[in-house]
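These notes concern the structure reproduced below.
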Amino acid sequence: MTEFRMPSLGADMDAGTLIEWTVTPGAPVKRGDIVAVVETQKGAIEIEVFEDGVFERPLVEIGTKVPVGLPIAVIAAGAAAAVEPSSAAAPLVEAAPPVAAATTPVSAAESVFVPELAETVPPTPPAAPVAAAVMSAPPAKSTPMEGRPRVTRGAGGLAEPAGVDLGGLVGTGRGGEIVLADVEARIAAKPAAKPAAAPTPAPAAGRGIDPAAMRAAIAAAMARSKREIPHYYLTDTVDLTRAEAFVTTSNAAREPADRLLLGTLFVKAVARAVKKYPEFNGHFVDGTFAASKAVHVGVAVNIRGTGLVAPAIHDTDRLGLDELMAAMRDLVVRVRAGRFRSSELADPTITVSSLGERGVEALWGVIYPPQVAIVGFGTPMVRPWAVDGMVGPRKTVVVTLAGDHRVSDGHRGALFLHTIVTLLQEPEAL
Amino acid sequence: MSANDPRAVLVEELGRIAPDVDVDTIDETADLREEFDIDSMDFLNLVTALAKRLAIPIPEAEYPRLGSFAKAVAYLGEKAAAAA
């Protein structure tokens, strides 16, 4: 039996939030199998085992933020250790009793502030990654912080199970922020420093998402995209006359709860079009593109004051417009309440981003790795438009495609984009 | 102020959608969506909630009458009175 530990996925990663177990207890696993998905500042990352064995049981709940090196599951294995040891983390595991550490739900929220013990609350149900506290967390005007040291998430996550009093630490990070190294140094200096007698309740998820962390995660994903993906861009303009008339006619007899939005048609058109052009739907991993049979369109949803996420609407192509509309409404509500599912984060095979009614004429997307395409819709506007030799005002929208040259090129991209345009001319067939 | 006072209901529902915006600080005659930074999905959710709580029909064709906070209060009051 061996403990499977939170791996380090890069020099700048100090902790990861468990967002998904991809195996069930009792399942045999072999080297290279993915057993979990962890949200880090870099986005969702799949965690692989390094040896063969049997996945016995998880030690932490979904939503738990775990410092690098702490155990997250038990894997029954042969003689060899099942997982790659993390040398950097070894001392801290000894300092913090593994059992307490593993059973203490470390904060699921991305809180950067030290919890006051008097204020601690019972362990919270696992929160969704990233958006744990969106609604309650206007970044700038939230927390009173006088007298409270600023602490990185990794440092806070490590300090609490180890019983380190952060109030007595001097931070060496930027602006005196307490960083992981400070906590590690304290643990090393005082190995006997009171370990948590009982699992200390984590601060409540919902105290406040850390907008800076989300911004950093977006920046990291986008920087990777721009570094690795040779983007090319195409654009076209869609006459929305028919689509808009279809929506208006459909909605006239409907209660508000059943009404459609134009954006639903956009998403559906992309889902339909990509079925014909599979090189835009899937994931590029380890130098190879794998087209996805299923179409899970990631829909970019703005989170007020914080950032955005683009979770998947599963099997978008198979949903009727009403079902898709309901799914999008549900998704937006849950995203803004911070309750989306891990699979929704991990599964998008292509992304659609729409500026909506208040915006500018075009949106040029940056592909979200490991996806290979993003379709952008600008704000629908009335423009002069020629039809049958006459110019007149028409509601139109500019649609763009960012494609990945490792997988496709402009010729196929143009056909794909044109198919979207064409599909939007027959909204009733969507 | 009754439980179904249109203004109170509007303030409450806007608060759900845009908790970061203080109604007291907005321009009541300016574009509602701009003032509260709400998109079409938010707006549809707002309309859905208002129609349900005030038990009034809000046809899509009348959305322009919800163009600003002040216009919306007047419109909802008128509809609520007609429905009563």
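Numbering starts fresh at 1 for the residues of each chain in the structure tokens, the chains themselves are lettered A, B, ... in the order given, and ligands are numbered from 1 as they appear.
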Please produce, as JSON lines, a per-residue contact table for segment 7-68 of chain B versus segment 357-360 of chain A (criterion: any atom at most 12 Å away, only C-alpha atoms considered), showing the nearest atom pair and its distance in Å to one decimal, sorted by chain then residue number.
{"residue": "B:Asp31", "atom": "CA", "partner": "A:Arg358", "partner_atom": "CA", "distance": 11.0}
{"residue": "B:Leu32", "atom": "CA", "partner": "A:Arg358", "partner_atom": "CA", "distance": 11.6}
{"residue": "B:Arg33", "atom": "CA", "partner": "A:Arg358", "partner_atom": "CA", "distance": 8.4}
{"residue": "B:Glu34", "atom": "CA", "partner": "A:Arg358", "partner_atom": "CA", "distance": 8.1}
{"residue": "B:Glu35", "atom": "CA", "partner": "A:Arg358", "partner_atom": "CA", "distance": 11.8}
{"residue": "B:Phe36", "atom": "CA", "partner": "A:Arg358", "partner_atom": "CA", "distance": 12.0}
{"residue": "B:Asp37", "atom": "CA", "partner": "A:Arg358", "partner_atom": "CA", "distance": 9.0}
{"residue": "B:Ile38", "atom": "CA", "partner": "A:Arg358", "partner_atom": "CA", "distance": 8.9}
{"residue": "B:Asp39", "atom": "CA", "partner": "A:Glu357", "partner_atom": "CA", "distance": 6.9}
{"residue": "B:Ser40", "atom": "CA", "partner": "A:Glu357", "partner_atom": "CA", "distance": 6.6}
{"residue": "B:Met41", "atom": "CA", "partner": "A:Glu357", "partner_atom": "CA", "distance": 10.0}
{"residue": "B:Asp42", "atom": "CA", "partner": "A:Glu357", "partner_atom": "CA", "distance": 11.4}
{"residue": "B:Phe43", "atom": "CA", "partner": "A:Glu357", "partner_atom": "CA", "distance": 10.7}
Given the selection you just returned, output its residues as a file containing C-alpha atoms, formatted as an mmCIF file, in the first residue's frame.
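Just written: again.cif:
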data_model
loop_
_atom_site.group_PDB
_atom_site.id
_atom_site.type_symbol
_atom_site.label_atom_id
_atom_site.label_comp_id
_atom_site.auth_asym_id
_atom_site.auth_seq_id
_atom_site.Cartn_x
_atom_site.Cartn_y
_atom_site.Cartn_z
ATOM 1 C CA ASP B 31 -29.294 52.240 -19.777
ATOM 2 C CA LEU B 32 -30.205 49.537 -17.302
ATOM 3 C CA ARG B 33 -27.864 46.961 -18.783
ATOM 4 C CA GLU B 34 -24.983 49.381 -18.780
ATOM 5 C CA GLU B 35 -25.585 50.516 -15.239
ATOM 6 C CA PHE B 36 -25.685 46.975 -13.907
ATOM 7 C CA ASP B 37 -23.331 45.461 -16.480
ATOM 8 C CA ILE B 38 -25.774 42.713 -17.337
ATOM 9 C CA ASP B 39 -25.742 40.630 -20.476
ATOM 10 C CA SER B 40 -28.652 39.187 -22.409
ATOM 11 C CA MET B 41 -28.707 36.031 -20.300
ATOM 12 C CA ASP B 42 -28.788 38.106 -17.103
ATOM 13 C CA PHE B 43 -31.510 40.249 -18.603
#
What's around segment 316-318 of chain A at 9 Å? Count only C-alpha atoms, leave out sequence neighbours fewer than 4 positions away in its own chain, and write the answer as a PyMOL selection string. chain A and resi 267-272+274-275+294-297+312+324
Which residues of chain B come within 7 Å of chain A, and for each one, what is the closest pair of atoms and their distance in Å to one decimal, counting only C-alpha atoms, sorted by chain and residue number, as JSON lines?
{"residue": "B:Asp20", "atom": "CA", "partner": "A:Pro138", "partner_atom": "CA", "distance": 6.2}
{"residue": "B:Asp39", "atom": "CA", "partner": "A:Gly356", "partner_atom": "CA", "distance": 6.6}
{"residue": "B:Ser40", "atom": "CA", "partner": "A:Glu357", "partner_atom": "CA", "distance": 6.6}
{"residue": "B:Leu44", "atom": "CA", "partner": "A:Pro256", "partner_atom": "CA", "distance": 6.9}
{"residue": "B:Val47", "atom": "CA", "partner": "A:Pro256", "partner_atom": "CA", "distance": 6.5}
{"residue": "B:Thr48", "atom": "CA", "partner": "A:Pro256", "partner_atom": "CA", "distance": 4.9}
{"residue": "B:Pro59", "atom": "CA", "partner": "A:Ala252", "partner_atom": "CA", "distance": 6.7}
{"residue": "B:Glu60", "atom": "CA", "partner": "A:Ala252", "partner_atom": "CA", "distance": 6.6}
Quick one: pick out all strand (DSSP E or B) residues within segment 270-369 of chain A from a backbone DSSP run and write them as a PyMOL selection string. chain A and resi 282-285+288-291+297-299+301-303+307-309+312-313+350-354
Taking 2 positions as the minimum chain separation for residues in the same chain, which residues sit within 10 Å of Val285 of chain A when counting only C-alpha atoms? Answer as a list in words.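 These residues fall inside the cut-off: Gly282, His283, Gly287, Thr288, Phe289, Ala290, Pro369, Pro370 and Gln371 of chain A.
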Keeping N, CA and C atoms for every residue in the selection just given, could you write it to a file as a CSV table (one decimal), in the first residue's frame?
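Okay, this is what ended up in again-v2.csv:
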chain,number,residue,atom,x,y,z
A,282,GLY,N,-11.5,18.8,-30.6
A,282,GLY,CA,-10.7,17.8,-29.9
A,282,GLY,C,-9.5,18.4,-29.2
A,283,HIS,N,-8.6,17.5,-28.8
A,283,HIS,CA,-7.4,18.0,-28.0
A,283,HIS,C,-6.1,17.7,-28.7
A,287,GLY,N,2.0,16.4,-28.7
A,287,GLY,CA,2.4,16.4,-30.1
A,287,GLY,C,1.4,15.7,-31.1
A,288,THR,N,0.3,15.3,-30.5
A,288,THR,CA,-0.7,14.6,-31.4
A,288,THR,C,-2.1,15.1,-31.2
A,289,PHE,N,-2.8,15.3,-32.3
A,289,PHE,CA,-4.2,15.8,-32.2
A,289,PHE,C,-5.1,14.6,-32.2
A,290,ALA,N,-6.0,14.5,-31.2
A,290,ALA,CA,-7.0,13.5,-31.2
A,290,ALA,C,-8.4,14.2,-31.4
A,369,PRO,N,-5.7,25.8,-24.7
A,369,PRO,CA,-5.1,24.5,-24.8
A,369,PRO,C,-5.8,23.5,-23.8
A,370,PRO,N,-5.9,22.2,-24.2
A,370,PRO,CA,-5.4,21.6,-25.4
A,370,PRO,C,-6.3,21.6,-26.6
A,371,GLN,N,-7.3,22.5,-26.5
A,371,GLN,CA,-8.2,22.6,-27.7
A,371,GLN,C,-7.5,23.2,-28.9
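Residues in contact with Thr29 of chain B at up to 10 Å, not including ones fewer than 2 positions away on its chain and judged by only C-alpha atoms, are Ile26, Asp27, Asp31, Leu32, Glu35, Gly67, Ser68, Phe69, Ala70, Lys71 and Ala72 of chain B.
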As a PyMOL selection string, which residues of chain B does DSSP assign to alpha helix (DSSP H)? chain B and resi 6-17+32-36+40-54+69-83
Leaving out His405 of chain A and any residue of its chain fewer than 2 positions from it, which residues lie within 9 Å of it when counting only C-alpha atoms, given as a list in words? Ile229, Pro230, His231, Tyr232, Val372, Gly403, Val407, Ser408, Asp409 and Gly410 of chain A
To one decimal place in Å, what is the distance between atom CA of His411 of chain A and atom CA of Asn281 of chain A?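 Atom CA of Asn281 of chain A lies at a distance of 16.2 Å from atom CA of His411 of chain A.
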Per residue of segment 318-401 of chain A within 7 Å of segment 216-225 of chain A, what are the shortest atom pair and its distance in Å to one decimal, counting only C-alpha atoms, with rows by chain and residue number, as CSV?
residue,atom,partner,partner_atom,distance
A:Val366,CA,A:Met222,CA,6.7
A:Ile367,CA,A:Ser225,CA,6.2
A:Tyr368,CA,A:Ser225,CA,6.4
A:Pro369,CA,A:Ser225,CA,6.0
What is the atom CA of Val391 of chain A-atom CA of Arg242 of chain A distance in Å, reported with one decimal? 17.0 Å
